[in-house]
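Undergrad: I'm passing along upload.cif; it holds mmCIF, C-alpha atoms, pLDDT in the B column; chains and numbers go by the auth columns.
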data_entry
#
loop_
_atom_site.group_PDB
_atom_site.id
_atom_site.type_symbol
_atom_site.label_atom_id
_atom_site.label_comp_id
_atom_site.label_asym_id
_atom_site.label_seq_id
_atom_site.Cartn_x
_atom_site.Cartn_y
_atom_site.Cartn_z
_atom_site.B_iso_or_equiv
_atom_site.auth_seq_id
_atom_site.auth_asym_id
ATOM 1 C CA MET A 1 -8.451 62.250 -61.584 65.00 1 A
ATOM 2 C CA ASP A 2 -9.560 64.987 -59.252 87.00 2 A
ATOM 3 C CA LEU A 3 -9.791 64.892 -55.501 95.00 3 A
ATOM 4 C CA SER A 4 -12.973 63.747 -53.790 97.00 4 A
ATOM 5 C CA LEU A 5 -13.759 64.502 -50.171 98.00 5 A
ATOM 6 C CA SER A 6 -16.571 63.440 -47.871 97.00 6 A
ATOM 7 C CA THR A 7 -16.992 63.539 -44.127 98.00 7 A
ATOM 8 C CA GLU A 8 -18.881 61.471 -41.594 97.00 8 A
ATOM 9 C CA THR A 9 -19.107 61.689 -37.821 97.00 9 A
ATOM 10 C CA ILE A 10 -18.725 58.605 -35.648 95.00 10 A
ATOM 11 C CA GLY A 11 -18.930 59.466 -31.944 94.00 11 A
ATOM 12 C CA ASP A 12 -16.399 62.211 -31.284 94.00 12 A
ATOM 13 C CA ARG A 13 -14.416 61.326 -34.411 97.00 13 A
ATOM 14 C CA THR A 14 -14.791 62.917 -37.794 98.00 14 A
ATOM 15 C CA ILE A 15 -13.933 60.667 -40.703 98.00 15 A
ATOM 16 C CA VAL A 16 -12.591 62.424 -43.794 98.00 16 A
ATOM 17 C CA ARG A 17 -12.718 60.088 -46.774 98.00 17 A
ATOM 18 C CA VAL A 18 -10.305 61.132 -49.477 98.00 18 A
ATOM 19 C CA GLY A 19 -10.301 59.787 -53.008 98.00 19 A
ATOM 20 C CA GLY A 20 -8.255 60.481 -56.127 97.00 20 A
ATOM 21 C CA GLU A 21 -4.974 62.315 -56.337 97.00 21 A
ATOM 22 C CA ILE A 22 -3.515 64.568 -53.651 97.00 22 A
ATOM 23 C CA ASP A 23 -0.907 66.729 -55.321 96.00 23 A
ATOM 24 C CA VAL A 24 0.200 70.337 -55.635 95.00 24 A
ATOM 25 C CA TYR A 25 -3.045 71.198 -57.457 96.00 25 A
ATOM 26 C CA THR A 26 -5.586 69.384 -55.299 97.00 26 A
ATOM 27 C CA ALA A 27 -3.911 69.575 -51.865 97.00 27 A
ATOM 28 C CA PRO A 28 -5.319 73.068 -51.130 96.00 28 A
ATOM 29 C CA LYS A 29 -8.852 71.551 -51.200 97.00 29 A
ATOM 30 C CA LEU A 30 -7.856 69.030 -48.560 98.00 30 A
ATOM 31 C CA ARG A 31 -6.212 71.786 -46.526 98.00 31 A
ATOM 32 C CA GLU A 32 -9.412 73.850 -46.678 98.00 32 A
ATOM 33 C CA GLN A 33 -11.465 70.866 -45.563 98.00 33 A
ATOM 34 C CA LEU A 34 -9.206 70.160 -42.573 98.00 34 A
ATOM 35 C CA VAL A 35 -9.066 73.838 -41.577 98.00 35 A
ATOM 36 C CA GLU A 36 -12.852 74.079 -41.810 98.00 36 A
ATOM 37 C CA LEU A 37 -13.355 71.002 -39.633 98.00 37 A
ATOM 38 C CA VAL A 38 -10.990 72.288 -36.957 98.00 38 A
ATOM 39 C CA ASN A 39 -12.609 75.729 -37.065 97.00 39 A
ATOM 40 C CA ASP A 40 -15.984 74.052 -36.579 97.00 40 A
ATOM 41 C CA GLY A 41 -14.707 72.250 -33.499 97.00 41 A
ATOM 42 C CA SER A 42 -13.831 68.806 -34.878 97.00 42 A
ATOM 43 C CA PHE A 43 -10.519 68.026 -33.234 97.00 43 A
ATOM 44 C CA HIS A 44 -10.384 64.240 -33.590 98.00 44 A
ATOM 45 C CA LEU A 45 -9.932 63.469 -37.248 98.00 45 A
ATOM 46 C CA VAL A 46 -9.528 60.193 -39.086 98.00 46 A
ATOM 47 C CA VAL A 47 -8.338 60.637 -42.655 98.00 47 A
ATOM 48 C CA ASP A 48 -9.287 57.578 -44.685 98.00 48 A
ATOM 49 C CA MET A 49 -6.821 57.325 -47.561 98.00 49 A
ATOM 50 C CA GLU A 50 -7.968 54.021 -49.004 97.00 50 A
ATOM 51 C CA GLY A 51 -9.348 55.758 -52.080 97.00 51 A
ATOM 52 C CA VAL A 52 -6.194 57.785 -52.719 97.00 52 A
ATOM 53 C CA ASP A 53 -4.389 56.924 -55.960 95.00 53 A
ATOM 54 C CA PHE A 54 -1.538 59.378 -55.605 96.00 54 A
ATOM 55 C CA LEU A 55 0.035 61.353 -52.790 96.00 55 A
ATOM 56 C CA ASP A 56 3.004 63.690 -52.943 95.00 56 A
ATOM 57 C CA SER A 57 4.885 65.873 -50.481 95.00 57 A
ATOM 58 C CA THR A 58 2.370 68.707 -50.859 95.00 58 A
ATOM 59 C CA GLY A 59 -0.253 66.312 -49.537 96.00 59 A
ATOM 60 C CA LEU A 60 2.055 65.258 -46.725 95.00 60 A
ATOM 61 C CA GLY A 61 2.513 68.935 -45.864 95.00 61 A
ATOM 62 C CA VAL A 62 -1.254 69.400 -45.631 97.00 62 A
ATOM 63 C CA LEU A 63 -1.613 66.375 -43.344 97.00 63 A
ATOM 64 C CA VAL A 64 1.211 67.649 -41.124 96.00 64 A
ATOM 65 C CA GLY A 65 -0.520 71.049 -41.059 97.00 65 A
ATOM 66 C CA GLY A 66 -3.772 69.341 -40.063 98.00 66 A
ATOM 67 C CA LEU A 67 -1.996 67.469 -37.295 97.00 67 A
ATOM 68 C CA LYS A 68 -0.522 70.716 -35.956 97.00 68 A
ATOM 69 C CA ARG A 69 -3.982 72.300 -35.936 97.00 69 A
ATOM 70 C CA VAL A 70 -5.738 69.501 -34.078 97.00 70 A
ATOM 71 C CA ARG A 71 -2.874 69.173 -31.606 97.00 71 A
ATOM 72 C CA ALA A 72 -3.308 72.849 -30.740 97.00 72 A
ATOM 73 C CA HIS A 73 -6.729 71.744 -29.419 97.00 73 A
ATOM 74 C CA GLU A 74 -5.421 68.549 -27.865 96.00 74 A
ATOM 75 C CA GLY A 75 -6.989 66.623 -30.704 97.00 75 A
ATOM 76 C CA SER A 76 -5.744 63.811 -32.902 97.00 76 A
ATOM 77 C CA LEU A 77 -5.281 63.031 -36.563 98.00 77 A
ATOM 78 C CA ARG A 78 -5.184 59.374 -37.537 98.00 78 A
ATOM 79 C CA LEU A 79 -4.713 57.902 -40.971 98.00 79 A
ATOM 80 C CA VAL A 80 -6.240 54.819 -42.517 98.00 80 A
ATOM 81 C CA CYS A 81 -4.098 53.338 -45.246 98.00 81 A
ATOM 82 C CA ASN A 82 -3.260 49.858 -46.480 97.00 82 A
ATOM 83 C CA GLN A 83 -1.741 50.769 -49.821 96.00 83 A
ATOM 84 C CA GLU A 84 1.948 50.007 -50.028 94.00 84 A
ATOM 85 C CA ARG A 85 2.642 52.735 -52.630 91.00 85 A
ATOM 86 C CA ILE A 86 1.203 55.379 -50.285 95.00 86 A
ATOM 87 C CA LEU A 87 2.703 53.936 -47.084 96.00 87 A
ATOM 88 C CA LYS A 88 6.127 54.036 -48.725 93.00 88 A
ATOM 89 C CA ILE A 89 5.970 57.831 -48.956 93.00 89 A
ATOM 90 C CA PHE A 90 5.258 58.085 -45.234 95.00 90 A
ATOM 91 C CA ARG A 91 8.167 55.753 -44.537 93.00 91 A
ATOM 92 C CA ILE A 92 10.809 57.514 -46.612 90.00 92 A
ATOM 93 C CA THR A 93 9.910 60.852 -45.064 90.00 93 A
ATOM 94 C CA GLY A 94 9.902 59.447 -41.533 91.00 94 A
ATOM 95 C CA LEU A 95 6.250 60.419 -41.072 94.00 95 A
ATOM 96 C CA THR A 96 5.218 56.933 -39.949 95.00 96 A
ATOM 97 C CA LYS A 97 6.577 58.067 -36.589 95.00 97 A
ATOM 98 C CA VAL A 98 4.413 61.174 -36.635 96.00 98 A
ATOM 99 C CA PHE A 99 1.041 59.774 -37.711 97.00 99 A
ATOM 100 C CA PRO A 100 -0.788 56.828 -36.214 97.00 100 A
ATOM 101 C CA ILE A 101 -1.589 54.736 -39.302 98.00 101 A
ATOM 102 C CA HIS A 102 -4.426 52.222 -39.059 98.00 102 A
ATOM 103 C CA THR A 103 -5.633 49.443 -41.305 97.00 103 A
ATOM 104 C CA SER A 104 -9.345 50.286 -41.013 97.00 104 A
ATOM 105 C CA VAL A 105 -11.632 53.144 -40.036 97.00 105 A
ATOM 106 C CA GLU A 106 -13.067 50.969 -37.255 96.00 106 A
ATOM 107 C CA GLU A 107 -9.602 50.456 -35.796 97.00 107 A
ATOM 108 C CA ALA A 108 -8.817 54.193 -36.018 97.00 108 A
ATOM 109 C CA VAL A 109 -12.108 55.140 -34.368 96.00 109 A
ATOM 110 C CA ALA A 110 -11.496 52.651 -31.555 95.00 110 A
ATOM 111 C CA ALA A 111 -7.923 53.869 -30.943 93.00 111 A
ATOM 112 C CA THR A 112 -7.470 56.072 -27.911 84.00 112 A
ATOM 113 C CA ASP A 113 -3.739 56.420 -27.174 70.00 113 A
ATOM 114 C CA MET B 1 17.785 66.238 -78.185 66.00 1 B
ATOM 115 C CA ALA B 2 15.623 64.703 -75.515 76.00 2 B
ATOM 116 C CA THR B 3 13.258 61.916 -76.568 90.00 3 B
ATOM 117 C CA VAL B 4 10.333 63.993 -75.373 96.00 4 B
ATOM 118 C CA GLU B 5 10.451 67.551 -74.145 97.00 5 B
ATOM 119 C CA LEU B 6 7.708 69.287 -72.263 97.00 6 B
ATOM 120 C CA ARG B 7 7.323 72.922 -71.343 98.00 7 B
ATOM 121 C CA PHE B 8 4.444 74.078 -69.226 98.00 8 B
ATOM 122 C CA SER B 9 3.292 77.283 -67.568 98.00 9 B
ATOM 123 C CA ALA B 10 4.241 77.234 -63.914 97.00 10 B
ATOM 124 C CA LEU B 11 0.758 76.273 -62.702 97.00 11 B
ATOM 125 C CA PRO B 12 -0.070 73.422 -60.303 97.00 12 B
ATOM 126 C CA GLU B 13 -2.752 71.995 -62.614 96.00 13 B
ATOM 127 C CA HIS B 14 -0.140 71.061 -65.219 97.00 14 B
ATOM 128 C CA VAL B 15 2.004 68.968 -62.886 97.00 15 B
ATOM 129 C CA ARG B 16 -0.332 66.007 -63.303 97.00 16 B
ATOM 130 C CA THR B 17 0.111 66.184 -67.083 97.00 17 B
ATOM 131 C CA ALA B 18 3.886 66.114 -66.626 98.00 18 B
ATOM 132 C CA ARG B 19 3.560 63.050 -64.380 97.00 19 B
ATOM 133 C CA LEU B 20 1.421 61.180 -66.881 96.00 20 B
ATOM 134 C CA VAL B 21 3.669 62.004 -69.842 97.00 21 B
ATOM 135 C CA ALA B 22 6.820 61.094 -67.921 97.00 22 B
ATOM 136 C CA ALA B 23 5.370 57.760 -66.823 97.00 23 B
ATOM 137 C CA ALA B 24 4.216 56.950 -70.361 96.00 24 B
ATOM 138 C CA VAL B 25 7.619 57.710 -71.880 96.00 25 B
ATOM 139 C CA ALA B 26 9.414 55.849 -69.073 96.00 26 B
ATOM 140 C CA ARG B 27 7.257 52.784 -69.684 95.00 27 B
ATOM 141 C CA ARG B 28 8.040 52.889 -73.383 94.00 28 B
ATOM 142 C CA ALA B 29 11.745 53.308 -72.645 94.00 29 B
ATOM 143 C CA GLY B 30 11.743 50.047 -70.708 94.00 30 B
ATOM 144 C CA VAL B 31 11.723 51.269 -67.108 95.00 31 B
ATOM 145 C CA ASP B 32 10.501 48.421 -64.915 94.00 32 B
ATOM 146 C CA GLU B 33 6.748 48.488 -64.260 91.00 33 B
ATOM 147 C CA ALA B 34 7.406 48.216 -60.520 89.00 34 B
ATOM 148 C CA VAL B 35 9.397 51.456 -60.636 93.00 35 B
ATOM 149 C CA LEU B 36 6.914 53.507 -62.655 95.00 36 B
ATOM 150 C CA ASP B 37 5.096 54.659 -59.520 93.00 37 B
ATOM 151 C CA GLU B 38 8.381 56.048 -58.259 94.00 38 B
ATOM 152 C CA VAL B 39 9.058 57.785 -61.571 96.00 39 B
ATOM 153 C CA ARG B 40 5.616 59.367 -61.428 96.00 40 B
ATOM 154 C CA LEU B 41 6.087 60.549 -57.865 96.00 41 B
ATOM 155 C CA ALA B 42 9.647 61.800 -58.351 97.00 42 B
ATOM 156 C CA VAL B 43 8.839 63.806 -61.481 97.00 43 B
ATOM 157 C CA GLY B 44 5.760 65.214 -59.762 97.00 44 B
ATOM 158 C CA GLU B 45 7.854 66.331 -56.811 96.00 45 B
ATOM 159 C CA ALA B 46 10.451 67.946 -59.043 97.00 46 B
ATOM 160 C CA CYS B 47 7.778 69.731 -61.101 97.00 47 B
ATOM 161 C CA SER B 48 5.829 70.895 -58.010 96.00 48 B
ATOM 162 C CA ARG B 49 9.033 72.338 -56.616 95.00 49 B
ATOM 163 C CA ALA B 50 9.814 74.115 -59.887 96.00 50 B
ATOM 164 C CA VAL B 51 6.260 75.516 -60.099 96.00 51 B
ATOM 165 C CA GLY B 52 6.561 76.765 -56.528 94.00 52 B
ATOM 166 C CA LEU B 53 9.888 78.440 -57.217 93.00 53 B
ATOM 167 C CA HIS B 54 8.535 80.155 -60.349 96.00 54 B
ATOM 168 C CA GLN B 55 5.410 81.340 -58.570 95.00 55 B
ATOM 169 C CA ILE B 56 7.265 82.693 -55.567 93.00 56 B
ATOM 170 C CA GLY B 57 9.804 84.398 -57.820 93.00 57 B
ATOM 171 C CA GLY B 58 7.138 85.781 -60.185 95.00 58 B
ATOM 172 C CA ILE B 59 8.871 84.031 -63.080 95.00 59 B
ATOM 173 C CA THR B 60 6.737 83.797 -66.213 96.00 60 B
ATOM 174 C CA ALA B 61 9.015 81.355 -68.031 96.00 61 B
ATOM 175 C CA PRO B 62 7.730 77.790 -68.355 97.00 62 B
ATOM 176 C CA VAL B 63 9.006 74.830 -66.393 98.00 63 B
ATOM 177 C CA LYS B 64 10.964 72.495 -68.639 98.00 64 B
ATOM 178 C CA VAL B 65 10.951 68.712 -68.467 98.00 65 B
ATOM 179 C CA SER B 66 13.245 66.606 -70.637 98.00 66 B
ATOM 180 C CA LEU B 67 12.645 62.880 -70.898 98.00 67 B
ATOM 181 C CA ILE B 68 15.784 61.267 -72.217 97.00 68 B
ATOM 182 C CA GLU B 69 15.986 57.713 -73.404 95.00 69 B
ATOM 183 C CA GLU B 70 19.546 56.431 -73.493 93.00 70 B
ATOM 184 C CA GLU B 71 21.211 53.082 -73.799 90.00 71 B
ATOM 185 C CA LYS B 72 20.297 51.072 -70.690 93.00 72 B
ATOM 186 C CA GLN B 73 19.004 54.116 -68.842 96.00 73 B
ATOM 187 C CA PHE B 74 16.223 56.660 -68.782 97.00 74 B
ATOM 188 C CA SER B 75 16.682 60.159 -67.404 97.00 75 B
ATOM 189 C CA ILE B 76 14.335 62.943 -66.503 98.00 76 B
ATOM 190 C CA GLU B 77 15.546 66.502 -66.162 98.00 77 B
ATOM 191 C CA VAL B 78 13.330 69.124 -64.587 98.00 78 B
ATOM 192 C CA GLY B 79 14.621 72.640 -64.998 97.00 79 B
ATOM 193 C CA ASP B 80 13.474 75.839 -63.385 96.00 80 B
ATOM 194 C CA GLU B 81 14.592 79.387 -64.032 96.00 81 B
ATOM 195 C CA ALA B 82 14.523 80.598 -60.460 92.00 82 B
ATOM 196 C CA PRO B 83 17.730 82.213 -59.286 88.00 83 B
ATOM 197 C CA HIS B 84 18.676 80.007 -56.376 73.00 84 B
ATOM 198 C CA ALA B 85 19.283 81.788 -53.122 59.00 85 B
ATOM 199 C CA PRO B 86 20.453 79.815 -50.100 54.00 86 B
ATOM 200 C CA THR B 87 17.690 77.438 -48.978 51.00 87 B
ATOM 201 C CA GLY B 88 17.016 79.266 -45.706 46.00 88 B
ATOM 202 C CA VAL B 89 16.221 82.498 -47.478 45.00 89 B
ATOM 203 C CA ARG B 90 13.877 80.831 -49.932 45.00 90 B
ATOM 204 C CA THR B 91 11.815 78.930 -47.401 47.00 91 B
ATOM 205 C CA ALA B 92 11.537 82.017 -45.222 45.00 92 B
ATOM 206 C CA ALA B 93 10.234 83.916 -48.259 47.00 93 B
ATOM 207 C CA ALA B 94 7.794 81.107 -49.035 49.00 94 B
ATOM 208 C CA ALA B 95 6.514 81.109 -45.478 48.00 95 B
ATOM 209 C CA ALA B 96 6.064 84.870 -45.538 48.00 96 B
ATOM 210 C CA GLU B 97 4.124 84.632 -48.795 49.00 97 B
ATOM 211 C CA ASP B 98 1.554 82.292 -47.315 51.00 98 B
ATOM 212 C CA PRO B 99 1.877 81.378 -43.662 47.00 99 B
ATOM 213 C CA ASP B 100 -0.390 78.419 -44.269 47.00 100 B
ATOM 214 C CA VAL B 101 2.101 76.756 -46.554 50.00 101 B
ATOM 215 C CA GLU B 102 4.354 74.404 -44.695 47.00 102 B
ATOM 216 C CA ALA B 103 7.845 75.863 -44.752 47.00 103 B
ATOM 217 C CA GLU B 104 9.274 72.369 -44.890 57.00 104 B
ATOM 218 C CA GLU B 105 7.455 71.505 -48.108 62.00 105 B
ATOM 219 C CA ASP B 106 10.306 72.320 -50.442 68.00 106 B
ATOM 220 C CA GLU B 107 12.737 70.226 -48.455 77.00 107 B
ATOM 221 C CA MET B 108 10.159 67.481 -48.084 83.00 108 B
ATOM 222 C CA GLY B 109 9.896 67.322 -51.881 88.00 109 B
ATOM 223 C CA LEU B 110 13.629 66.907 -52.211 89.00 110 B
ATOM 224 C CA ALA B 111 13.612 64.373 -49.368 87.00 111 B
ATOM 225 C CA VAL B 112 11.026 62.314 -51.229 91.00 112 B
ATOM 226 C CA ILE B 113 13.043 62.485 -54.444 94.00 113 B
ATOM 227 C CA SER B 114 16.282 61.424 -52.774 91.00 114 B
ATOM 228 C CA GLY B 115 14.460 58.687 -50.894 90.00 115 B
ATOM 229 C CA LEU B 116 12.947 57.348 -54.102 91.00 116 B
ATOM 230 C CA VAL B 117 15.662 57.751 -56.696 95.00 117 B
ATOM 231 C CA ASP B 118 19.122 56.261 -56.287 94.00 118 B
ATOM 232 C CA ASP B 119 20.660 58.292 -59.069 96.00 119 B
ATOM 233 C CA VAL B 120 19.736 61.944 -58.610 96.00 120 B
ATOM 234 C CA GLU B 121 21.668 65.110 -59.198 95.00 121 B
ATOM 235 C CA VAL B 122 20.533 68.556 -58.064 94.00 122 B
ATOM 236 C CA THR B 123 22.298 71.579 -59.449 93.00 123 B
ATOM 237 C CA ALA B 124 21.417 75.220 -58.949 90.00 124 B
ATOM 238 C CA GLY B 125 22.827 78.517 -60.028 87.00 125 B
ATOM 239 C CA GLU B 126 21.812 82.105 -60.457 86.00 126 B
ATOM 240 C CA HIS B 127 20.010 81.309 -63.740 89.00 127 B
ATOM 241 C CA GLY B 128 18.034 78.384 -62.438 93.00 128 B
ATOM 242 C CA GLY B 129 18.146 74.883 -61.114 94.00 129 B
ATOM 243 C CA LEU B 130 18.049 71.404 -62.566 96.00 130 B
ATOM 244 C CA ILE B 131 17.082 68.083 -61.054 96.00 131 B
ATOM 245 C CA ARG B 132 18.321 65.099 -63.049 97.00 132 B
ATOM 246 C CA MET B 133 17.030 61.660 -62.136 97.00 133 B
ATOM 247 C CA THR B 134 18.094 58.455 -63.826 97.00 134 B
ATOM 248 C CA TRP B 135 16.671 54.946 -63.803 96.00 135 B
ATOM 249 C CA PRO B 136 18.029 51.787 -65.418 95.00 136 B
ATOM 250 C CA THR B 137 16.069 50.260 -68.266 94.00 137 B
ATOM 251 C CA THR B 138 15.770 46.808 -69.687 86.00 138 B
ATOM 252 C CA PRO B 139 15.703 47.041 -73.470 68.00 139 B
ATOM 253 C CA PRO B 140 12.401 45.824 -74.851 63.00 140 B
ATOM 254 C CA PRO B 141 12.422 42.704 -76.996 65.00 141 B
ATOM 255 C CA THR B 142 12.457 43.270 -80.731 64.00 142 B
ATOM 256 C CA ALA B 143 10.257 46.217 -81.559 61.00 143 B
ATOM 257 C CA VAL B 144 6.881 45.212 -82.859 62.00 144 B
ATOM 258 C CA LEU B 145 5.602 47.314 -85.687 67.00 145 B
ATOM 259 C CA PRO B 146 1.882 47.873 -85.962 68.00 146 B
#
Can the structure from this file be put into structure tokens for me?
TA:
Amino acid sequence: MDLSLSTETIGDRTIVRVGGEIDVYTAPKLREQLVELVNDGSFHLVVDMEGVDFLDSTGLGVLVGGLKRVRAHEGSLRLVCNQERILKIFRITGLTKVFPIHTSVEEAVAATD
Amino acid sequence: MATVELRFSALPEHVRTARLVAAAVARRAGVDEAVLDEVRLAVGEACSRAVGLHQIGGITAPVKVSLIEEEKQFSIEVGDEAPHAPTGVRTAAAAAEDPDVEAEEDEMGLAVISGLVDDVEVTAGEHGGLIRMTWPTTPPPTAVLP
């Protein structure tokens, strides 16, 4: 399955809905999307990963890259994920300490810390 | 010989194929269903790393994956043909190649593999590297013929 991407703006947050598989082949598309959003001035991103079937370290690298970019503009990058198989990858790499991970888009949009 | 052997051009689009084949063979070999996600992820990480090493090194040789069914265990070997320089040198080269690529990616891949797989062996020499990962299997009940 390929990667699907769509964006939506809620207040000052930009929601990036990701579906499919994020791996070494598809991750560059996600990177491009995040870079484009930051270049266009969207610095508060919420990446909704509920539709993601597969995530590997290349995908993690892209998310970390996105976080670095938004932080350079005092922005934020929050994740929405409830899938255990995906959360496990964030845990074993220690990235649960780096990304705020929320259970819903609404919760991520409401978060301010 | 390996139960199934796969060779693919060092291109990112083939990594998914390797994942699917590895998971299918692992399932058949009797690897627990609950662990198949880990098999898929680990083999994907190993293959992505090998593809990256071949691309950076301009190596035209294919990446080789061996899926080996043994008594009570299933192993996957992913071999690359990249001459292995010390890690620091390689990541610096990777970063220079494309500053957008996270320099930590290679190590993150290995971190994921070692976090996922209890039995993993990484060897590297001047003629290439090999990641061998092994999972226990429960032998299937009597084979059912079609």
Undergrad: Please return, as an MDAnalysis selection string, all residues of chain B lying within 10 Å of chain A when all atoms listed in the file are considered.
TA: chainID B and resid 11:16 37:38 40:42 44:45 47:49 51:52 100:116
Undergrad: What would the file look like if the residues just selected were written as a PDB file, in the coordinates of the input with C-alpha atoms?
TA:
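Output below, filename result_14.pdb:
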ATOM      1  CA  LEU B  11       0.758  76.273 -62.702  1.00 97.00           C
ATOM      2  CA  PRO B  12      -0.070  73.422 -60.303  1.00 97.00           C
ATOM      3  CA  GLU B  13      -2.752  71.995 -62.614  1.00 96.00           C
ATOM      4  CA  HIS B  14      -0.140  71.061 -65.219  1.00 97.00           C
ATOM      5  CA  VAL B  15       2.004  68.968 -62.886  1.00 97.00           C
ATOM      6  CA  ARG B  16      -0.332  66.007 -63.303  1.00 97.00           C
ATOM      7  CA  ASP B  37       5.096  54.659 -59.520  1.00 93.00           C
ATOM      8  CA  GLU B  38       8.381  56.048 -58.259  1.00 94.00           C
ATOM      9  CA  ARG B  40       5.616  59.367 -61.428  1.00 96.00           C
ATOM     10  CA  LEU B  41       6.087  60.549 -57.865  1.00 96.00           C
ATOM     11  CA  ALA B  42       9.647  61.800 -58.351  1.00 97.00           C
ATOM     12  CA  GLY B  44       5.760  65.214 -59.762  1.00 97.00           C
ATOM     13  CA  GLU B  45       7.854  66.331 -56.811  1.00 96.00           C
ATOM     14  CA  CYS B  47       7.778  69.731 -61.101  1.00 97.00           C
ATOM     15  CA  SER B  48       5.829  70.895 -58.010  1.00 96.00           C
ATOM     16  CA  ARG B  49       9.033  72.338 -56.616  1.00 95.00           C
ATOM     17  CA  VAL B  51       6.260  75.516 -60.099  1.00 96.00           C
ATOM     18  CA  GLY B  52       6.561  76.765 -56.528  1.00 94.00           C
ATOM     19  CA  ASP B 100      -0.390  78.419 -44.269  1.00 47.00           C
ATOM     20  CA  VAL B 101       2.101  76.756 -46.554  1.00 50.00           C
ATOM     21  CA  GLU B 102       4.354  74.404 -44.695  1.00 47.00           C
ATOM     22  CA  ALA B 103       7.845  75.863 -44.752  1.00 47.00           C
ATOM     23  CA  GLU B 104       9.274  72.369 -44.890  1.00 57.00           C
ATOM     24  CA  GLU B 105       7.455  71.505 -48.108  1.00 62.00           C
ATOM     25  CA  ASP B 106      10.306  72.320 -50.442  1.00 68.00           C
ATOM     26  CA  GLU B 107      12.737  70.226 -48.455  1.00 77.00           C
ATOM     27  CA  MET B 108      10.159  67.481 -48.084  1.00 83.00           C
ATOM     28  CA  GLY B 109       9.896  67.322 -51.881  1.00 88.00           C
ATOM     29  CA  LEU B 110      13.629  66.907 -52.211  1.00 89.00           C
ATOM     30  CA  ALA B 111      13.612  64.373 -49.368  1.00 87.00           C
ATOM     31  CA  VAL B 112      11.026  62.314 -51.229  1.00 91.00           C
ATOM     32  CA  ILE B 113      13.043  62.485 -54.444  1.00 94.00           C
ATOM     33  CA  SER B 114      16.282  61.424 -52.774  1.00 91.00           C
ATOM     34  CA  GLY B 115      14.460  58.687 -50.894  1.00 90.00           C
ATOM     35  CA  LEU B 116      12.947  57.348 -54.102  1.00 91.00           C
TER      36      LEU B 116
END
Undergrad: If you apply the PyMOL selection byres ((chain B and resi 64-78) around 8) to this file, what residues do you get, as JSON, numbers by chain?
TA: {"B": [2, 3, 4, 5, 6, 7, 8, 18, 22, 25, 26, 29, 31, 43, 46, 47, 50, 62, 63, 79, 80, 130, 131, 132, 133, 134, 135, 136, 137, 138, 139]}
Undergrad: Using all atoms listed in the file, which of the listed residues (A:Arg69, A:Phe99, A:Ser42, A:Met49) sits closest to Ser4 (chain A)?
TA: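 For Ser4 (chain A), the nearest of the given residues is A:Met49.
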Undergrad: Fewer than 3 positions away in the same chain doesn't count, so skip those; otherwise give me all residues within 6 Å of Thr103 (chain A), counting all atoms listed in the file, as a ChimeraX atom specification.
TA: /A:80-82
Undergrad: Interatomic distance between CA of Val21 (chain B) and CA of Thr60 (chain B)?
TA: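 We find that CA of Val21 (chain B) and CA of Thr60 (chain B) lie 22.3 Å from each other.
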Undergrad: Can you turn the PyMOL selection byres ((chain B and resi 84) around 6) into a concrete residue list for this file, as a list in words?
TA: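 What the PyMOL selection byres ((chain B and resi 84) around 6) grabs from the file is Ala82, Pro83, Ala85, Gly125 and Glu126 of chain B.
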Undergrad: Between A:Leu45, A:Ala72, A:Leu30, A:Val52, single out the one closest to Val105 (chain A), counting all atoms listed in the file.
TA: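 Smallest separation from Val105 (chain A) among the options: A:Leu45.
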Undergrad: Do you have the CA of His54 (chain B)-CA of His127 (chain B) distance handy?
TA: 12.0 Å
Undergrad: Between CA of Leu20 (chain B) and CA of Thr96 (chain A), what is the distance in Å, rounded to a tenth?
TA: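 Computed distance, CA of Leu20 (chain B) to CA of Thr96 (chain A), equals 27.5 Å.
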Undergrad: Kindly indicate which residue among A:Lys68, A:Arg78, A:Arg17, A:Lys29 lies nearest to Val109 (chain A), using all atoms listed in the file for the distances.
TA: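 Among A:Lys68, A:Arg78, A:Arg17, A:Lys29, it is A:Arg78 that comes nearest to Val109 (chain A).
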Undergrad: Got a sec to resolve the PyMOL selection byres ((chain A and resi 11) around 12) on this structure and send the residues as JSON, numbers by chain?
TA: {"A": [8, 9, 10, 12, 13, 14, 15, 42, 44, 45, 46, 106, 109, 110]}
